[in-house]
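Heads up, start19.txt below (compact mmCIF, C-alpha atoms and all ligand atoms):
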# COMPACT_ATOMS: atom_id res chain seq x y z
CA MET T 1 69.48 101.89 96.21
CA GLU T 2 69.85 98.97 93.85
CA LYS T 3 73.20 97.21 94.03
CA ILE T 4 75.29 97.49 90.88
CA LEU T 5 77.89 94.73 90.76
CA VAL T 6 81.47 95.63 89.83
CA SER T 7 81.36 93.04 87.04
CA ASP T 8 78.40 94.87 85.46
CA ILE T 9 80.00 98.32 85.41
CA ARG T 10 80.65 99.78 81.95
CA GLU T 11 82.12 102.91 80.46
CA ASN T 12 80.20 106.20 80.80
CA GLN T 13 77.81 104.71 83.30
CA LYS T 14 76.23 106.43 86.25
CA VAL T 15 77.03 104.22 89.23
CA ASP T 16 75.09 104.91 92.41
CA SER T 17 75.70 101.84 94.51
CA THR T 18 77.31 100.31 97.58
CA PHE T 19 80.81 98.85 97.79
CA LEU T 20 83.34 97.63 100.32
CA VAL T 21 86.32 99.99 100.72
CA LYS T 22 89.36 97.72 100.32
CA GLY T 23 91.87 100.51 100.22
CA LYS T 24 91.86 104.24 100.88
CA SER T 25 94.61 106.80 100.54
CA GLN T 26 94.87 110.52 100.12
CA ALA T 27 97.29 112.19 97.74
CA VAL T 28 97.98 115.52 96.12
CA GLY T 29 97.66 116.02 92.38
CA LYS T 30 100.07 117.90 90.14
CA THR T 31 98.12 121.11 90.66
CA GLY T 32 98.47 120.80 94.43
CA LYS T 33 94.85 119.79 94.92
CA PRO T 34 94.26 116.87 97.30
CA TYR T 35 92.23 113.86 96.21
CA ILE T 36 91.15 110.51 97.68
CA TYR T 37 92.07 107.27 95.93
CA LEU T 38 89.97 104.19 96.70
CA LYS T 39 89.86 100.52 95.90
CA LEU T 40 86.21 99.56 95.96
CA SER T 41 84.97 96.02 95.71
CA ASP T 42 82.17 93.53 95.99
CA LYS T 43 82.01 89.77 95.53
CA THR T 44 82.44 90.16 91.75
CA GLY T 45 85.58 92.27 91.65
CA GLU T 46 87.39 95.47 92.35
CA ILE T 47 87.34 98.95 90.80
CA LYS T 48 89.31 102.11 91.47
CA GLY T 49 87.52 105.23 92.60
CA TYR T 50 88.63 108.84 92.94
CA VAL T 51 87.13 111.67 94.95
CA TRP T 52 88.38 114.86 93.30
CA ASP T 53 86.19 117.45 95.04
CA ASN T 54 85.13 118.13 98.63
CA VAL T 55 88.00 115.97 99.87
CA GLU T 56 88.02 117.59 103.34
CA LYS T 57 84.33 116.82 103.73
CA PHE T 58 84.62 113.12 102.83
CA ALA T 59 88.15 112.19 104.02
CA GLY T 60 87.31 111.41 107.63
CA SER T 61 83.82 110.03 107.09
CA PHE T 62 84.78 106.42 106.26
CA GLU T 63 87.72 104.05 106.47
CA ALA T 64 89.07 100.96 104.69
CA GLY T 65 86.83 98.05 105.64
CA ASP T 66 83.65 100.15 105.63
CA ILE T 67 80.73 99.62 103.30
CA VAL T 68 80.02 102.88 101.49
CA LYS T 69 77.30 104.22 99.25
CA VAL T 70 78.73 106.21 96.34
CA LYS T 71 77.38 108.48 93.64
CA SER T 72 79.69 108.30 90.70
CA LYS T 73 80.27 108.06 86.99
CA THR T 74 82.69 105.79 85.20
CA SER T 75 85.48 106.82 82.89
CA VAL T 76 88.49 105.05 81.43
CA PHE T 77 92.07 105.94 82.31
CA GLN T 78 95.02 103.93 81.01
CA ASN T 79 92.61 101.31 79.72
CA GLU T 80 91.05 100.80 83.12
CA LEU T 81 87.57 101.65 84.26
CA GLN T 82 87.42 103.94 87.26
CA LEU T 83 84.77 105.79 89.20
CA GLY T 84 84.72 109.55 89.54
CA ILE T 85 82.95 109.92 92.87
CA THR T 86 80.87 112.99 93.69
CA ASP T 87 79.32 111.73 96.92
CA ILE T 88 80.31 109.00 99.36
CA GLU T 89 78.71 107.96 102.62
CA LYS T 90 79.38 105.16 105.10
CA VAL T 91 76.63 102.56 105.41
CA SER T 92 76.14 101.04 108.84
CA LEU T 93 75.86 97.33 108.55
CA ASP T 94 74.49 95.15 111.28
CA ASP T 95 77.27 92.77 112.36
CA ASN T 96 74.84 89.92 112.07
CA ASP T 97 73.82 90.75 108.56
CA ALA T 98 75.92 87.97 107.04
CA GLU T 99 73.76 87.81 103.93
CA MET T 100 74.34 91.48 103.22
CA LEU T 101 78.06 91.18 103.94
CA SER T 102 78.38 88.21 101.59
CA MET T 103 77.41 90.58 98.77
CA PHE T 104 80.72 92.36 99.27
CA LEU T 105 83.09 89.52 100.14
CA LYS T 106 84.25 87.05 97.60
CA SER T 107 84.67 83.40 98.65
CA ALA T 108 86.07 80.27 97.09
CA ARG T 109 83.50 78.40 95.00
CA ARG T 110 83.62 75.32 97.23
CA GLY T 111 83.00 75.21 100.97
CA ALA T 112 86.07 75.23 103.23
CA ASN T 113 85.17 72.02 105.10
CA GLU T 114 84.64 70.11 101.88
CA MET T 115 87.97 71.30 100.45
CA PHE T 116 89.77 70.57 103.71
CA SER T 117 88.43 66.98 103.81
CA GLU T 118 89.64 66.45 100.27
CA LEU T 119 93.06 67.87 101.15
CA VAL T 120 93.37 65.45 104.08
CA SER T 121 92.31 62.53 101.83
CA VAL T 122 94.84 63.45 99.14
CA LEU T 123 97.60 63.52 101.77
CA ASN T 124 96.45 60.28 103.41
CA GLU T 125 96.43 58.51 100.08
CA ASN T 126 99.77 59.80 98.88
CA LEU T 127 102.17 60.39 101.78
CA SER T 128 104.22 57.41 102.86
CA ASP T 129 107.26 58.72 104.74
CA GLU T 130 106.64 58.47 108.49
CA TYR T 131 108.41 61.75 109.29
CA ILE T 132 106.67 63.76 106.56
CA ILE T 133 103.35 62.32 107.78
CA LYS T 134 104.20 63.41 111.34
CA LEU T 135 105.09 66.89 110.09
CA ALA T 136 101.88 67.23 108.05
CA ASP T 137 99.96 66.05 111.12
CA LYS T 138 101.61 68.69 113.29
CA PHE T 139 100.16 71.37 111.03
CA LEU T 140 96.81 69.73 110.29
CA LYS T 141 96.17 69.16 114.00
CA ASP T 142 97.11 72.71 114.85
CA GLU T 143 93.71 74.39 115.33
CA ASN T 144 94.99 77.84 114.57
CA TYR T 145 96.72 76.71 111.37
CA VAL T 146 93.61 74.89 110.13
CA LYS T 147 91.36 77.83 110.93
CA MET T 148 93.63 80.18 108.99
CA LEU T 149 94.05 77.71 106.11
CA LYS T 150 90.28 77.45 105.74
CA SER T 151 89.60 81.15 105.73
CA MET T 152 92.57 83.10 104.43
CA PRO T 153 93.15 84.45 100.94
CA ALA T 154 96.30 83.13 99.24
CA ALA T 155 97.50 86.64 98.47
CA LYS T 156 96.64 90.26 99.17
CA SER T 157 95.37 90.97 95.70
CA ILE T 158 97.05 89.05 92.88
CA HIS T 159 95.63 85.51 92.95
CA HIS T 160 93.11 83.53 95.04
CA ALA T 161 92.55 86.80 96.92
CA TYR T 162 89.33 85.77 98.60
CA ILE T 163 88.01 83.86 101.62
CA GLY T 164 89.17 80.25 101.35
CA GLY T 165 91.62 81.17 98.57
CA LEU T 166 94.68 79.76 100.34
CA LEU T 167 92.97 76.39 100.85
CA GLU T 168 91.71 76.31 97.26
CA HIS T 169 95.21 77.15 95.99
CA THR T 170 96.90 74.57 98.24
CA LEU T 171 94.45 71.79 97.36
CA GLY T 172 94.62 72.54 93.64
CA MET T 173 98.42 72.44 93.74
CA LEU T 174 98.45 69.18 95.72
CA LYS T 175 96.35 67.44 93.06
CA ILE T 176 98.65 68.69 90.30
CA GLY T 177 101.63 67.62 92.45
CA VAL T 178 100.31 64.07 92.81
CA PHE T 179 100.03 63.79 89.03
CA LEU T 180 103.47 65.27 88.33
CA ALA T 181 105.18 63.22 91.04
CA GLY T 182 103.92 60.15 89.16
CA HIS T 183 104.84 61.54 85.76
CA TYR T 184 108.41 62.39 86.78
CA GLY T 185 108.57 59.43 89.15
CA GLY T 186 112.26 58.54 88.94
CA TYR T 187 113.39 62.07 89.76
CA VAL T 188 111.02 63.20 92.45
CA VAL T 189 110.77 62.49 96.19
CA LYS T 190 106.98 62.53 96.22
CA ASP T 191 106.62 63.12 99.97
CA VAL T 192 108.93 66.13 99.82
CA LEU T 193 107.04 67.59 96.87
CA LEU T 194 103.64 67.17 98.51
CA ALA T 195 104.76 68.44 101.91
CA SER T 196 106.41 71.45 100.30
CA ILE T 197 103.20 72.19 98.38
CA LEU T 198 101.13 71.87 101.55
CA LEU T 199 103.41 74.22 103.46
CA HIS T 200 104.85 76.55 100.81
CA ASP T 201 102.55 79.41 101.80
CA ALA T 202 102.41 78.63 105.53
CA GLY T 203 104.28 81.89 106.10
CA LYS T 204 101.36 83.81 104.61
CA MET T 205 99.41 83.13 107.77
CA GLU T 206 101.84 85.44 109.54
CA GLU T 207 102.54 87.67 106.55
CA LEU T 208 98.93 88.65 105.95
CA CYS T 209 96.21 89.64 108.34
CA VAL T 210 92.55 90.16 107.61
CA LYS T 211 91.17 93.08 109.60
CA ASN T 212 87.73 94.51 109.14
CA ASN T 213 87.28 92.50 105.92
CA VAL T 214 90.45 93.94 104.38
CA THR T 215 93.61 91.92 103.80
CA GLU T 216 96.74 93.74 104.89
CA TYR T 217 100.38 92.93 105.49
CA SER T 218 101.36 92.41 109.10
CA ASP T 219 104.52 93.93 110.59
CA GLU T 220 106.15 90.47 110.33
CA GLY T 221 105.02 90.25 106.71
CA ARG T 222 106.46 93.61 105.79
CA LEU T 223 109.72 93.03 107.66
CA LEU T 224 110.37 89.33 106.98
CA GLY T 225 108.02 88.10 104.21
CA HIS T 226 106.31 84.73 103.92
CA ILE T 227 109.35 82.78 102.69
CA VAL T 228 111.36 83.51 105.83
CA LEU T 229 108.29 83.23 108.08
CA GLY T 230 107.23 79.91 106.50
CA ALA T 231 110.69 78.35 106.69
CA GLY T 232 110.85 79.33 110.36
CA ALA T 233 107.43 77.87 111.16
CA ILE T 234 108.27 74.59 109.42
CA ASP T 235 111.66 74.31 111.10
CA ARG T 236 110.06 74.83 114.52
CA LYS T 237 107.61 71.97 113.90
CA ILE T 238 110.40 69.74 112.58
CA ALA T 239 112.33 70.38 115.81
CA GLU T 240 109.39 68.92 117.74
CA ILE T 241 109.70 65.59 115.87
CA PRO T 242 112.46 63.40 117.36
CA GLY T 243 114.72 61.83 114.75
CA PHE T 244 113.43 63.87 111.79
CA PRO T 245 116.05 63.11 109.09
CA GLU T 246 118.32 66.05 108.31
CA LYS T 247 118.29 65.31 104.56
CA LEU T 248 114.50 65.46 104.45
CA ARG T 249 114.61 68.73 106.38
CA LEU T 250 117.09 70.22 103.91
CA LEU T 251 115.12 69.14 100.84
CA LEU T 252 111.87 70.48 102.27
CA LEU T 253 113.28 73.81 103.40
CA HIS T 254 115.10 74.23 100.09
CA SER T 255 111.80 73.84 98.18
CA ILE T 256 110.09 76.34 100.45
CA ILE T 257 112.75 79.03 100.26
CA SER T 258 113.29 78.70 96.48
CA HIS T 259 109.63 78.62 95.44
CA HIS T 260 109.66 82.10 93.89
CA GLY T 261 112.19 80.76 91.42
CA GLU T 262 114.58 83.68 91.15
CA LEU T 263 116.60 85.77 93.57
CA GLU T 264 115.02 88.98 92.33
CA TYR T 265 111.56 87.61 93.14
CA GLY T 266 112.39 87.11 96.79
CA SER T 267 113.87 83.63 96.92
CA PRO T 268 117.27 83.53 98.64
CA LYS T 269 118.18 80.45 96.54
CA ARG T 270 117.03 79.31 93.10
CA PRO T 271 115.52 75.79 92.76
CA LYS T 272 118.17 73.07 92.67
CA THR T 273 116.05 69.93 93.03
CA ALA T 274 113.20 68.40 91.04
CA GLU T 275 110.77 69.05 93.90
CA ALA T 276 111.80 72.69 94.12
CA PHE T 277 111.41 73.27 90.37
CA LEU T 278 108.04 71.52 90.37
CA LEU T 279 106.81 73.48 93.39
CA HIS T 280 107.79 76.73 91.68
CA TYR T 281 106.09 75.85 88.39
CA ILE T 282 102.95 74.45 89.99
CA ASP T 283 102.60 77.51 92.23
CA ASN T 284 103.05 79.86 89.30
CA MET T 285 100.67 77.89 87.07
CA ASP T 286 97.90 77.74 89.63
CA ALA T 287 98.28 81.42 90.50
CA ARG T 288 98.22 82.54 86.86
CA ILE T 289 95.24 80.49 85.76
CA ASN T 290 93.28 81.66 88.80
CA GLN T 291 94.22 85.23 87.95
CA LEU T 292 93.12 84.78 84.35
CA ALA T 293 89.86 83.07 85.34
CA ASP T 294 89.12 85.85 87.77
CA PHE T 295 89.79 88.54 85.22
CA ILE T 296 87.81 87.16 82.30
CA GLY T 297 85.12 85.96 84.72
CA GLY T 298 81.79 85.58 82.99
CA GLY T 299 82.96 87.65 80.02
CA GLY T 300 82.06 86.67 76.51
CA ALA T 301 84.06 85.90 73.39
CA GLN T 302 85.74 89.29 73.12
CA TRP T 303 89.02 90.55 74.55
CA SER T 304 89.06 91.58 78.16
CA GLN T 305 89.99 94.96 79.48
CA TYR T 306 93.71 95.44 80.01
CA SER T 307 94.99 93.41 82.96
CA LYS T 308 97.67 95.41 84.73
CA SER T 309 98.82 92.53 86.90
CA LEU T 310 99.19 90.17 83.95
CA ASP T 311 100.41 92.99 81.71
CA ARG T 312 98.24 92.07 78.73
CA TYR T 313 94.75 91.73 77.31
CA LEU T 314 93.12 88.35 77.79
CA LEU T 315 90.70 86.29 75.77
CA ASN T 316 88.08 83.91 77.12
CA SER T 317 89.11 81.12 74.74
CA VAL T 318 86.20 78.86 75.68
CA ALA T 319 83.63 81.52 74.77
CA PHE T 320 85.69 82.55 71.73
CA ALA T 321 85.83 79.01 70.33
CA ALA T 322 82.12 78.53 70.93
CA SER T 323 80.99 81.82 69.36
CA ASP T 324 79.54 81.75 65.84
CA ASP T 325 81.42 82.93 62.75
CA THR T 326 79.99 86.40 62.86
CA GLY T 327 81.51 86.80 66.28
CA GLU T 328 78.08 87.48 67.70
CA THR T 329 77.87 86.98 71.40
CA ASP T 330 75.26 87.58 74.04
CA ALA T 331 77.94 88.47 76.54
CA PRO T 332 78.18 92.06 77.70
CA HIS T 333 80.65 94.44 76.13
CA ARG T 334 83.88 94.42 78.15
CA HIS T 335 86.46 96.25 76.15
CA PRO T 336 85.43 99.85 75.87
CA ALA T 337 88.75 101.64 76.00
CA GLU T 338 90.30 100.16 72.92
CA ASN T 339 87.32 100.19 70.63
CA GLY T 340 85.62 103.42 71.41
CA GLY T 341 82.84 101.61 73.17
CA HIS T 342 81.37 100.00 70.07
CA ALA T 343 83.22 96.74 69.64
CA GLY T 344 81.57 93.39 69.48
CA ALA T 345 83.52 90.18 69.50
CA GLY T 346 83.99 90.37 65.75
CA ASP T 347 85.95 93.59 65.95
CA ASP T 348 88.87 91.94 67.65
CA ARG T 349 88.93 88.68 65.76
CA GLY T 350 92.00 87.97 63.70
CA LYS T 351 93.86 91.00 64.97
CA PRO T 352 97.33 90.65 66.44
CA GLU T 353 97.88 91.79 70.00
CA PRO T 354 96.00 95.05 70.45
CA ALA T 355 98.23 97.95 69.43
CA SER T 356 97.57 99.80 72.61
CA GLU T 357 98.91 96.98 74.78
CA ALA T 358 102.53 98.05 74.63
CA GLU T 359 101.50 101.60 75.20
CA ALA T 360 99.35 100.58 78.12
CA ALA T 361 102.16 98.51 79.55
CA GLY T 362 104.62 101.33 79.11
CA ARG T 363 102.43 103.63 81.08
CA LYS T 364 101.89 101.21 83.91
CA ASN T 365 101.72 103.01 87.20
CA GLY T 366 102.53 106.20 85.42
CA GLY T 367 99.41 108.05 86.42
CA LYS T 368 97.47 107.76 89.59
CA PRO T 369 99.02 106.31 92.72
CA ASP T 370 98.32 102.70 93.56
CA SER T 371 98.15 102.23 97.29
CA GLY T 372 98.28 98.46 96.95
CA LYS T 373 101.84 98.51 95.74
CA ASN T 374 105.19 99.65 97.01
CA ASN T 375 104.16 98.75 100.49
CA GLY T 376 107.48 97.21 101.37
CA ALA T 377 106.12 93.68 101.61
CA GLU T 378 106.33 92.86 97.96
CA THR T 379 109.30 91.15 96.47
CA ALA T 380 111.92 93.01 94.53
CA GLY T 381 111.67 93.29 90.78
CA ASN T 382 107.91 93.50 90.55
CA THR T 383 107.74 94.95 87.10
CA GLY T 384 104.82 92.72 86.21
CA SER T 385 106.18 92.15 82.72
CA SER T 386 108.31 89.08 83.27
CA LEU T 387 106.87 85.60 82.90
CA PHE T 388 107.82 84.67 86.42
CA SER T 389 107.44 88.00 88.08
CA GLY T 390 107.50 87.80 91.85
CA GLU T 391 104.26 89.73 91.85
CA PHE T 392 102.32 86.58 91.04
CA PHE T 393 103.35 84.93 94.26
CA ASP T 394 102.38 87.81 96.50
FE FE V 401 101.38 79.81 96.44
FE FE V 402 105.32 82.60 97.82
Kindly return the structure encoded in the file as structure tokens.
Ligand SMILES: [Fe+2]
Ligand SMILES: [Fe+2]
Amino acid sequence: MEKILVSDIRENQKVDSTFLVKGKSQAVGKTGKPYIYLKLSDKTGEIKGYVWDNVEKFAGSFEAGDIVKVKSKTSVFQNELQLGITDIEKVSLDDNDAEMLSMFLKSARRGANEMFSELVSVLNENLSDEYIIKLADKFLKDENYVKMLKSMPAAKSIHHAYIGGLLEHTLGMLKIGVFLAGHYGGYVVKDVLLASILLHDAGKMEELCVKNNVTEYSDEGRLLGHIVLGAGAIDRKIAEIPGFPEKLRLLLLHSIISHHGELEYGSPKRPKTAEAFLLHYIDNMDARINQLADFIGGGGAQWSQYSKSLDRYLLNSVAFAASDDTGETDAPHRHPAENGGHAGAGDDRGKPEPASEAEAAGRKNGGKPDSGKNNGAETAGNTGSSLFSGEFFD
């Protein structure tokens, strides 16, 4: 069976291919008929799948984390492509078949060791406070911390949700932090800003766990969340450093616990220092641009499909600016739902926001269940429609 990549799937397409099961749940429809809801993925993305018939036959034959072979056809529901699955079968994969597995698991573009060396260099070049250096060292010499930093995703599904994503996110933020600490020099304690960037998601190492290739929330994550877990981990390391100044400790912990920006997004305090505001904005900026880049991917000059997590359609501005005046593009069609499957780039040009966007937004989560949400580990107020929704940090 030839592999069909998620990024190549279009409307009304027969899709007989293999995918990684990232999520699986069973539910009962309005008519009382049970169905299976799946999140299927490969290294290029994720797509929802539904098994409407023969549920008893298929329900116990595979689990989340398995690679499965499906027979299916695509359709569009609430502006999202989904697979209607008629047959599904677990594929046994040799544990050593890393090449095969890499087809299904997305990784950061750069290697973990290369990114980690750069992160250490950025810190070496920019930290100057002896206690902050000792604290950073405590983490960077902790084998378990480094191993997790190099491999973990930065979030379960929203941003940098791939192998090495947490390191990519942390390094990217550090580089932005170095620039902004210089730009706002008179108002920023640079060492506090950089240490808080380095450690702001430390709690995610306890909040998330990757089992069988699937990222899940741990019991600690569901019950305490990464803000509380991270603050605790940092405070424990600080306690191991004799003479660590109390004011530095307060500034650092304040940045960590306020980095979601608002109480309703899970922060017990809102930012009250320059470092805390900057950490919040840098985190949000890096998460959002990664999310956008992931969503528009290799798409062409036309509008994307509707992004539920960003609550809008997106445009690949680089491709759009470079396309010719007729709007012709070689890129594949990616916006079937809104244009009846016939739109080229030119069809969208000059239009205001697509009319169906508000409608699509209004119907968010109104149809099929979404097993990735409402799992108790997400922050409150995750409507997805606010600029600084807590959803972007989880
Ligand atoms: Fe973050
Ligand atoms: Fe966070």
- Message: Just to confirm, what's the straight-line distance from atom CA of Val76 of chain T to atom CA of Tyr313 of chain T in Å (one decimal)?
- Response: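 Taking atom CA of Val76 of chain T and atom CA of Tyr313 of chain T, their separation equals 15.3 Å.
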- Sphere at (100.2, 62.9, 88.9), radius 12 Å, counting all atoms listed in the file: residues as a ChimeraX atom specification: /T:122,126,173-185,188,190,193-194,278,282
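With distances restricted to only C-alpha atoms and all ligand atoms, T:Ser258 is the closest residue to ligand FE 401 (chain V) from T:Ser258, T:Thr86, T:Thr31, T:Asn113.
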- Hey, which of T:Leu93, T:Asp235, T:Phe104, T:Ser75 ends up closest to Leu40 of chain T? Count only C-alpha atoms. T:Phe104
Write out as a Markdown table a residue-level contact list of chain T versus ligand FE 401 (chain V) with cut-off 10 Å: for each qualifying residue the closest pair of atoms and the distance in Å to one decimal, counting all atoms listed in the file, rows sorted by chain and residue number upward.
| residue | atom | partner | partner_atom | distance |
| --- | --- | --- | --- | --- |
| T:Ala154 | CA | V:FE401 | FE | 6.7 |
| T:Ala155 | CA | V:FE401 | FE | 8.1 |
| T:His159 | CA | V:FE401 | FE | 8.8 |
| T:His160 | CA | V:FE401 | FE | 9.2 |
| T:Leu166 | CA | V:FE401 | FE | 7.8 |
| T:His169 | CA | V:FE401 | FE | 6.7 |
| T:Thr170 | CA | V:FE401 | FE | 7.1 |
| T:Met173 | CA | V:FE401 | FE | 8.4 |
| T:Ile197 | CA | V:FE401 | FE | 8.1 |
| T:Leu198 | CA | V:FE401 | FE | 9.4 |
| T:Leu199 | CA | V:FE401 | FE | 9.2 |
| T:His200 | CA | V:FE401 | FE | 6.5 |
| T:Asp201 | CA | V:FE401 | FE | 5.5 |
| T:Ala202 | CA | V:FE401 | FE | 9.2 |
| T:Lys204 | CA | V:FE401 | FE | 9.1 |
| T:His259 | CA | V:FE401 | FE | 8.4 |
| T:His260 | CA | V:FE401 | FE | 9.0 |
| T:Leu279 | CA | V:FE401 | FE | 8.9 |
| T:His280 | CA | V:FE401 | FE | 8.6 |
| T:Ile282 | CA | V:FE401 | FE | 8.5 |
| T:Asp283 | CA | V:FE401 | FE | 4.9 |
| T:Asn284 | CA | V:FE401 | FE | 7.3 |
| T:Met285 | CA | V:FE401 | FE | 9.6 |
| T:Asp286 | CA | V:FE401 | FE | 7.9 |
| T:Ala287 | CA | V:FE401 | FE | 6.9 |
| T:Phe392 | CA | V:FE401 | FE | 8.7 |
| T:Phe393 | CA | V:FE401 | FE | 5.9 |
| T:Asp394 | CA | V:FE401 | FE | 8.1 |
Could you give me, as JSON lines, a per-residue list for segment 234-301 of chain T showing, wherever an atom lies at most 7 Å from an atom of segment 130-141 of chain T, the closest pair of atoms and their distance in Å to one decimal, using all atoms listed in the file and sorting by chain then residue number from low to high?
{"residue": "T:Lys237", "atom": "CA", "partner": "T:Leu135", "partner_atom": "CA", "distance": 6.8}
{"residue": "T:Ile238", "atom": "CA", "partner": "T:Leu135", "partner_atom": "CA", "distance": 6.5}
{"residue": "T:Phe244", "atom": "CA", "partner": "T:Tyr131", "partner_atom": "CA", "distance": 6.0}
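Minimum distance to ligand FE 402 (chain V) across T:Leu314, T:Val51, T:Ile158, T:Ala293 (counting only C-alpha atoms and all ligand atoms) occurs at T:Ile158.
Comparing T:Tyr145, T:Tyr265, T:Phe295, T:Phe320 by their smallest distance to Val6 of chain T, the closest is T:Phe295 (using all atoms listed in the file).
Between atom CA of Lys57 of chain T and atom CA of Tyr35 of chain T the separation is 11.3 Å.
For the residues T:Pro245, T:Gly266, T:Gly32, T:Gly49, ranking by smallest atom-to-atom distance to Thr74 of chain T using all atoms listed in the file places T:Gly49 first.
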- Message: For a quick check of understanding, using all atoms listed in the file, which of T:Leu315, T:Leu263, T:Val214, T:Ala112 has the smallest distance to Leu171 of chain T?
- Response: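 Once distances to Leu171 of chain T are computed over all atoms listed in the file, the minimum belongs to T:Ala112.
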- Item | Å distance separating atom CA of Lys73 of chain T from atom CA of Ile85 of chain T, one decimal place |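 The value is 6.7 Å.
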- Residues near His254 of chain T, cut-off 8 Å, all atoms listed in the file, skip fewer than 2 positions along chain, as a list of chain:residue names: T:Leu250, T:Leu251, T:Leu252, T:Ile256, T:Ile257, T:Ser258, T:Lys269, T:Pro271, T:Ala276
Please enclose the listed atoms of segment 217-224 of chain T in an axis-aligned box, pad each side by 5 Å, and write out the centre and the three edge lengths in Å, rounded to one decimal, as JSON.
{"center_x": 105.4, "center_y": 91.6, "center_z": 108.0, "size_x": 20.0, "size_y": 14.6, "size_z": 15.1}
Segment 59-66 of chain T: which residues within 12 Å, counting only C-alpha atoms, same-chain residues fewer than 4 positions away excluded, as a short mmCIF file (atom, residue, chain, number, x, y, z; two decimals) with C-alpha atoms, keeping the file's coordinate frame?
data_model
loop_
_atom_site.label_atom_id
_atom_site.label_comp_id
_atom_site.auth_asym_id
_atom_site.auth_seq_id
_atom_site.Cartn_x
_atom_site.Cartn_y
_atom_site.Cartn_z
CA THR T 18 77.31 100.31 97.58
CA PHE T 19 80.81 98.85 97.79
CA LEU T 20 83.34 97.63 100.32
CA VAL T 21 86.32 99.99 100.72
CA LYS T 22 89.36 97.72 100.32
CA GLY T 23 91.87 100.51 100.22
CA LYS T 24 91.86 104.24 100.88
CA SER T 25 94.61 106.80 100.54
CA GLN T 26 94.87 110.52 100.12
CA ALA T 27 97.29 112.19 97.74
CA PRO T 34 94.26 116.87 97.30
CA TYR T 35 92.23 113.86 96.21
CA ILE T 36 91.15 110.51 97.68
CA TYR T 37 92.07 107.27 95.93
CA LEU T 38 89.97 104.19 96.70
CA LYS T 39 89.86 100.52 95.90
CA LEU T 40 86.21 99.56 95.96
CA SER T 41 84.97 96.02 95.71
CA ASP T 42 82.17 93.53 95.99
CA TYR T 50 88.63 108.84 92.94
CA VAL T 51 87.13 111.67 94.95
CA TRP T 52 88.38 114.86 93.30
CA ASP T 53 86.19 117.45 95.04
CA ASN T 54 85.13 118.13 98.63
CA VAL T 55 88.00 115.97 99.87
CA VAL T 70 78.73 106.21 96.34
CA ASP T 87 79.32 111.73 96.92
CA ILE T 88 80.31 109.00 99.36
CA GLU T 89 78.71 107.96 102.62
CA LYS T 90 79.38 105.16 105.10
CA VAL T 91 76.63 102.56 105.41
CA SER T 92 76.14 101.04 108.84
CA LEU T 93 75.86 97.33 108.55
CA ASP T 94 74.49 95.15 111.28
CA ASP T 95 77.27 92.77 112.36
CA LEU T 101 78.06 91.18 103.94
CA PHE T 104 80.72 92.36 99.27
CA LEU T 105 83.09 89.52 100.14
CA VAL T 210 92.55 90.16 107.61
CA LYS T 211 91.17 93.08 109.60
CA ASN T 212 87.73 94.51 109.14
CA ASN T 213 87.28 92.50 105.92
CA VAL T 214 90.45 93.94 104.38
CA THR T 215 93.61 91.92 103.80
CA GLU T 216 96.74 93.74 104.89
CA SER T 371 98.15 102.23 97.29
#
- Name all residues at most 7 Å from Asp191 of chain T (count all atoms listed in the file; drop same-chain ones fewer than 4 positions away) and give them as number ranges by chain. T: 127-129, 132, 195
